[in-house]
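Text of my_file16.txt, listed as compact mmCIF, C-alpha atoms:
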# COMPACT_ATOMS: atom_id res chain seq x y z
CA MET A 3 110.69 124.11 109.82
CA THR A 4 110.43 127.15 112.05
CA CYS A 5 111.33 130.34 110.18
CA PRO A 6 114.18 132.14 111.99
CA LEU A 7 112.92 135.56 110.82
CA CYS A 8 109.31 135.23 111.96
CA GLN A 9 110.37 135.96 115.52
CA SER A 10 113.13 138.28 116.70
CA HIS A 11 115.81 136.43 118.68
CA ASN A 12 119.05 138.05 119.88
CA GLU A 13 118.69 140.90 117.41
CA THR A 14 119.95 144.48 117.78
CA ILE A 15 116.78 146.27 116.73
CA LEU A 16 117.40 149.86 115.57
CA TRP A 17 113.82 150.73 114.61
CA GLN A 18 110.52 148.89 114.25
CA ASN A 19 106.82 149.27 113.67
CA HIS A 20 104.04 146.73 113.24
CA HIS A 21 105.07 145.95 109.64
CA LEU A 22 108.86 145.69 109.78
CA ARG A 23 112.00 145.91 111.88
CA VAL A 24 115.50 147.24 111.18
CA ILE A 25 118.42 145.39 112.77
CA ALA A 26 122.19 145.73 112.92
CA VAL A 27 123.81 142.59 111.49
CA HIS A 28 126.74 141.12 113.42
CA ASP A 29 127.20 137.69 111.86
CA GLU A 30 129.04 138.58 108.65
CA PRO A 31 132.71 139.29 109.43
CA LYS A 32 133.38 140.30 105.82
CA ALA A 33 130.76 143.07 106.13
CA PRO A 34 130.60 144.66 109.58
CA ALA A 35 128.70 147.77 108.39
CA PHE A 36 125.53 145.89 107.69
CA CYS A 37 121.84 146.46 108.46
CA ARG A 38 118.81 144.41 107.58
CA VAL A 39 115.17 145.39 107.11
CA ILE A 40 112.87 142.45 107.86
CA TRP A 41 109.23 142.45 106.84
CA ARG A 42 107.16 141.03 109.66
CA GLU A 43 104.78 138.86 107.65
CA HIS A 44 106.14 135.56 106.33
CA ILE A 45 106.09 136.09 102.57
CA ALA A 46 108.84 135.39 100.07
CA GLU A 47 108.90 137.94 97.25
CA MET A 48 108.39 141.68 96.78
CA THR A 49 105.63 140.90 94.27
CA ASP A 50 103.79 138.91 96.95
CA LEU A 51 103.19 142.26 98.69
CA PRO A 52 100.51 144.74 97.60
CA PRO A 53 102.05 147.88 96.03
CA GLN A 54 101.49 150.11 99.05
CA GLN A 55 103.42 147.73 101.30
CA ARG A 56 106.23 147.35 98.75
CA ASP A 57 106.58 151.14 98.94
CA GLU A 58 106.54 151.12 102.72
CA LEU A 59 109.29 148.50 102.82
CA MET A 60 111.48 150.22 100.23
CA ASN A 61 111.02 153.62 101.87
CA MET A 62 112.46 152.07 105.02
CA VAL A 63 115.35 150.60 103.00
CA TYR A 64 116.07 154.09 101.62
CA ARG A 65 115.99 155.62 105.10
CA VAL A 66 118.50 153.03 106.28
CA GLU A 67 120.67 153.63 103.20
CA GLN A 68 120.61 157.39 103.85
CA ALA A 69 121.52 156.94 107.52
CA MET A 70 124.34 154.52 106.67
CA ARG A 71 125.74 156.92 104.06
CA GLN A 72 125.75 159.68 106.66
CA VAL A 73 127.37 157.57 109.41
CA PHE A 74 129.84 155.51 107.34
CA GLN A 75 130.60 157.70 104.28
CA PRO A 76 131.08 154.44 102.35
CA ALA A 77 132.44 153.94 98.84
CA LYS A 78 129.14 152.30 97.89
CA ILE A 79 125.90 150.98 99.32
CA ASN A 80 124.86 147.45 98.34
CA LEU A 81 121.17 146.49 98.49
CA ALA A 82 119.98 142.90 98.13
CA SER A 83 116.90 140.80 98.74
CA LEU A 84 117.92 137.16 98.23
CA GLY A 85 116.17 134.79 100.66
CA ASN A 86 117.25 131.51 99.10
CA VAL A 87 118.03 130.04 102.52
CA VAL A 88 115.29 131.83 104.45
CA PRO A 89 112.43 132.74 102.08
CA HIS A 90 111.02 135.39 104.39
CA LEU A 91 111.22 138.84 102.81
CA HIS A 92 114.21 140.85 104.07
CA TRP A 93 116.63 143.40 102.65
CA HIS A 94 120.36 143.57 103.19
CA ILE A 95 121.80 147.10 103.28
CA ILE A 96 125.60 146.94 103.31
CA ALA A 97 128.10 149.79 103.40
CA ARG A 98 131.15 148.96 101.29
CA PHE A 99 134.65 150.39 101.52
CA ASP A 100 137.42 150.19 98.97
CA ASN A 101 139.61 148.42 101.53
CA ASP A 102 137.00 145.95 102.77
CA ALA A 103 137.43 142.17 102.60
CA CYS A 104 135.85 141.64 99.18
CA PHE A 105 135.74 145.04 97.46
CA PRO A 106 134.80 145.50 94.65
CA ALA A 107 133.28 142.00 94.53
CA PRO A 108 130.01 141.29 96.36
CA ILE A 109 130.42 140.29 100.02
CA TRP A 110 129.36 136.74 99.10
CA ALA A 111 132.50 136.24 96.99
CA ASN A 112 135.79 135.06 98.47
CA ALA A 113 137.63 137.56 100.64
CA VAL A 114 140.73 139.03 99.02
CA ARG A 115 142.12 140.92 102.05
CA GLU A 116 141.39 141.61 105.69
CA ASN A 117 139.06 144.48 106.48
CA ALA A 118 141.29 147.55 106.87
CA PHE A 119 138.83 150.14 108.17
CA ARG A 120 137.48 151.04 111.58
CA LEU A 121 133.81 151.77 112.20
CA PRO A 122 132.53 154.27 114.78
CA GLU A 123 132.03 152.25 117.96
CA ASN A 124 128.53 153.60 118.47
CA TRP A 125 127.39 153.28 114.84
CA GLN A 126 124.26 151.34 115.76
CA ALA A 127 123.16 154.12 118.11
CA GLN A 128 123.96 156.76 115.48
CA ILE A 129 121.86 154.99 112.87
CA ALA A 130 119.00 154.36 115.30
CA THR A 131 118.99 158.08 116.15
CA LEU A 132 118.89 159.08 112.50
CA LEU A 133 116.06 156.62 111.78
CA HIS A 134 114.00 158.06 114.61
CA GLN A 135 114.72 161.61 113.41
CA THR A 136 113.45 160.85 109.89
CA GLU A 137 110.13 159.38 111.05
CA MET B 12 136.99 156.24 82.57
CA THR B 13 134.04 155.74 80.25
CA CYS B 14 131.08 154.20 82.07
CA PRO B 15 130.00 150.98 80.32
CA LEU B 16 126.36 151.48 81.35
CA CYS B 17 125.92 155.04 80.12
CA GLN B 18 125.56 153.75 76.57
CA SER B 19 123.95 150.52 75.43
CA HIS B 20 126.41 148.26 73.56
CA ASN B 21 125.55 144.73 72.43
CA GLU B 22 122.64 144.49 74.84
CA THR B 23 119.45 142.47 74.41
CA ILE B 24 116.95 145.19 75.32
CA LEU B 25 113.57 143.81 76.40
CA TRP B 26 111.89 147.12 77.23
CA GLN B 27 112.94 150.76 77.54
CA ASN B 28 111.73 154.30 77.97
CA HIS B 29 113.58 157.60 78.39
CA HIS B 30 114.47 156.85 82.05
CA LEU B 31 115.56 153.22 82.01
CA ARG B 32 116.11 150.05 80.01
CA VAL B 33 115.56 146.36 80.80
CA ILE B 34 118.06 143.90 79.34
CA ALA B 35 118.57 140.13 79.31
CA VAL B 36 121.96 139.29 80.84
CA HIS B 37 124.10 136.72 79.04
CA ASP B 38 127.50 137.08 80.70
CA GLU B 39 126.93 135.17 83.94
CA PRO B 40 127.08 131.40 83.25
CA LYS B 41 126.14 130.62 86.87
CA ALA B 42 122.87 132.54 86.41
CA PRO B 43 121.38 132.25 82.93
CA ALA B 44 117.89 133.45 83.98
CA PHE B 45 118.99 136.98 84.63
CA CYS B 46 117.65 140.43 83.72
CA ARG B 47 118.96 143.86 84.56
CA VAL B 48 117.18 147.19 84.90
CA ILE B 49 119.55 150.07 84.15
CA TRP B 50 118.71 153.65 85.07
CA ARG B 51 119.72 155.92 82.19
CA GLU B 52 121.24 158.78 84.18
CA HIS B 53 124.73 158.22 85.63
CA ILE B 54 124.08 158.22 89.37
CA ALA B 55 125.30 155.76 91.99
CA GLU B 56 122.73 155.21 94.74
CA MET B 57 118.96 154.89 95.11
CA THR B 58 119.03 157.81 97.55
CA ASP B 59 120.65 159.97 94.87
CA LEU B 60 117.31 159.77 93.02
CA PRO B 61 114.27 161.86 93.96
CA PRO B 62 111.49 159.70 95.51
CA GLN B 63 109.29 159.67 92.40
CA GLN B 64 112.11 158.27 90.29
CA ARG B 65 113.02 155.68 92.93
CA ASP B 66 109.42 154.49 92.66
CA GLU B 67 109.54 154.45 88.87
CA LEU B 68 112.71 152.35 88.92
CA MET B 69 111.43 149.90 91.54
CA ASN B 70 108.07 149.53 89.81
CA MET B 71 110.00 148.39 86.75
CA VAL B 72 112.00 145.96 88.90
CA TYR B 73 108.72 144.51 90.21
CA ARG B 74 107.32 144.17 86.68
CA VAL B 75 110.43 142.26 85.64
CA GLU B 76 110.24 140.10 88.77
CA GLN B 77 106.58 139.30 88.04
CA ALA B 78 107.34 138.42 84.40
CA MET B 79 110.29 136.23 85.40
CA ARG B 80 108.18 134.40 87.99
CA GLN B 81 105.58 133.70 85.32
CA VAL B 82 108.08 132.52 82.69
CA PHE B 83 110.57 130.63 84.87
CA GLN B 84 108.51 129.48 87.90
CA PRO B 85 111.73 129.81 89.93
CA ALA B 86 112.41 128.66 93.48
CA LYS B 87 113.24 132.27 94.38
CA ILE B 88 113.86 135.69 92.87
CA ASN B 89 117.04 137.50 93.90
CA LEU B 90 117.17 141.32 93.67
CA ALA B 91 120.37 143.28 94.07
CA SER B 92 121.77 146.74 93.42
CA LEU B 93 125.52 146.57 94.04
CA GLY B 94 127.51 148.74 91.63
CA ASN B 95 130.90 148.46 93.29
CA VAL B 96 132.62 147.94 89.94
CA VAL B 97 130.33 150.16 87.88
CA PRO B 98 128.74 152.80 90.14
CA HIS B 99 125.91 153.54 87.72
CA LEU B 100 122.54 152.60 89.22
CA HIS B 101 121.29 149.22 88.00
CA TRP B 102 119.29 146.33 89.45
CA HIS B 103 119.97 142.64 89.02
CA ILE B 104 116.85 140.44 88.88
CA ILE B 105 117.85 136.78 88.98
CA ALA B 106 115.63 133.70 88.89
CA ARG B 107 117.06 130.97 91.12
CA PHE B 108 116.45 127.23 90.95
CA ASP B 109 117.20 124.62 93.59
CA ASN B 110 119.47 122.84 91.14
CA ASP B 111 121.34 125.89 89.87
CA ALA B 112 125.11 126.33 90.16
CA CYS B 113 125.17 128.06 93.55
CA PHE B 114 121.78 127.48 95.19
CA PRO B 115 121.04 128.35 97.95
CA ALA B 116 124.11 130.60 98.10
CA PRO B 117 124.12 133.91 96.18
CA ILE B 118 125.30 133.63 92.57
CA TRP B 119 128.50 135.48 93.53
CA ALA B 120 129.62 132.60 95.75
CA ASN B 121 131.54 129.62 94.40
CA ALA B 122 129.58 127.21 92.22
CA VAL B 123 128.80 123.89 93.92
CA ARG B 124 127.35 122.07 90.87
CA GLU B 125 126.64 122.53 87.19
CA ASN B 126 123.34 124.14 86.28
CA ALA B 127 120.86 121.28 85.89
CA PHE B 128 117.83 123.06 84.45
CA ARG B 129 116.76 124.09 80.99
CA LEU B 130 115.25 127.49 80.22
CA PRO B 131 112.61 128.11 77.54
CA GLU B 132 114.58 128.96 74.39
CA ASN B 133 112.49 132.06 73.76
CA TRP B 134 112.44 133.33 77.34
CA GLN B 135 113.66 136.80 76.40
CA ALA B 136 110.77 137.18 73.95
CA GLN B 137 108.29 135.89 76.52
CA ILE B 138 109.48 138.40 79.11
CA ALA B 139 109.53 141.25 76.61
CA THR B 140 105.93 140.42 75.67
CA LEU B 141 104.83 140.39 79.30
CA LEU B 142 106.55 143.71 79.98
CA HIS B 143 104.80 145.32 77.06
CA GLN B 144 101.46 143.86 78.19
CA THR B 145 101.80 145.36 81.68
CA GLU B 146 102.56 148.89 80.47
Rewrite the structure from the file as structure tokens, please.
Amino acid sequence: MTCPLCQSHNETILWQNHHLRVIAVHDEPKAPAFCRVIWREHIAEMTDLPPQQRDELMNMVYRVEQAMRQVFQPAKINLASLGNVVPHLHWHIIARFDNDACFPAPIWANAVRENAFRLPENWQAQIATLLHQTE
Amino acid sequence: MTCPLCQSHNETILWQNHHLRVIAVHDEPKAPAFCRVIWREHIAEMTDLPPQQRDELMNMVYRVEQAMRQVFQPAKINLASLGNVVPHLHWHIIARFDNDACFPAPIWANAVRENAFRLPENWQAQIATLLHQTE
């Protein structure tokens, strides 16, 4: 099976280098304030990476978290590396709001309400700018 | 409100130092192969920690992941730091199996079957031993 994360297709890329890319995620209606950091190499687990590359990946996750906190002022940030469906290392960074579809449950639980917040229309550009500023 | 993670009550502690503790999690029937790393200080987000402490926490997460891979030989490891209910920094490390209750969905989704695997009875002791060996 072709891995859907090995190549970038129809992605909104906010930042990238030769090891990883940061994208804005648009396919999860329960969580519209959602970014993903995708490691370029096709490996499954954090402990498949040498320590220096684990650090590089997590430092990018923290930069995205910091930028999302600044842009969204969320109630909480959720971080997750799951990969059960696509075992290619990637991190979900999700801004949560106390009036979002699932709060306080994880976004993978059943929705309990409709999202009742509005995001800045240009949030992707704001986050991309912040990521380039913190290089 | 008293934070339930600021003090350790009825926990199976596998490893600890003055910054963090590692526990075996028993309260999630959908995910019986489950450990948690709990940062001792009451803070909410990874980016509330200084970089050196982020690294210390994640290095512990990786040690737990490595030990769980060795003991459980899982299909996948799931890592998550959510904290919407209890905003005190902690990491979930979950071993997933292709015949577990929710696979390949996250454990917070609805169960689609009963767990069909058996864990080693002494898995907590095995993981604790491995964590002490990798100090």
Quiz prompt | Test item: chain B residues at most 9 Å from chain A, counting all atoms listed in the file, as an MDAnalysis selection string | solution = chainID B and resid 55:58 62 66 69:70 73:74 76:77 86:96 98 107 109 114:121
Quiz item: In Å, with one decimal, what is the gap from CA of Asp102 (chain A) to CA of Ala118 (chain A)?
Solution: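 Pair CA of Asp102 (chain A) / CA of Ala118 (chain A) returns 6.1 Å.
Atom to atom, CA of His90 (chain A) and CA of Cys8 (chain A) stand 7.8 Å apart.
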Using all atoms listed in the file, the best pick from B:Val48, B:Pro43, B:Arg124, B:Asn28 as closest to His101 (chain B) would be B:Val48
A straight line from CA of Arg51 (chain B) to CA of Gln144 (chain B) spans 22.2 Å
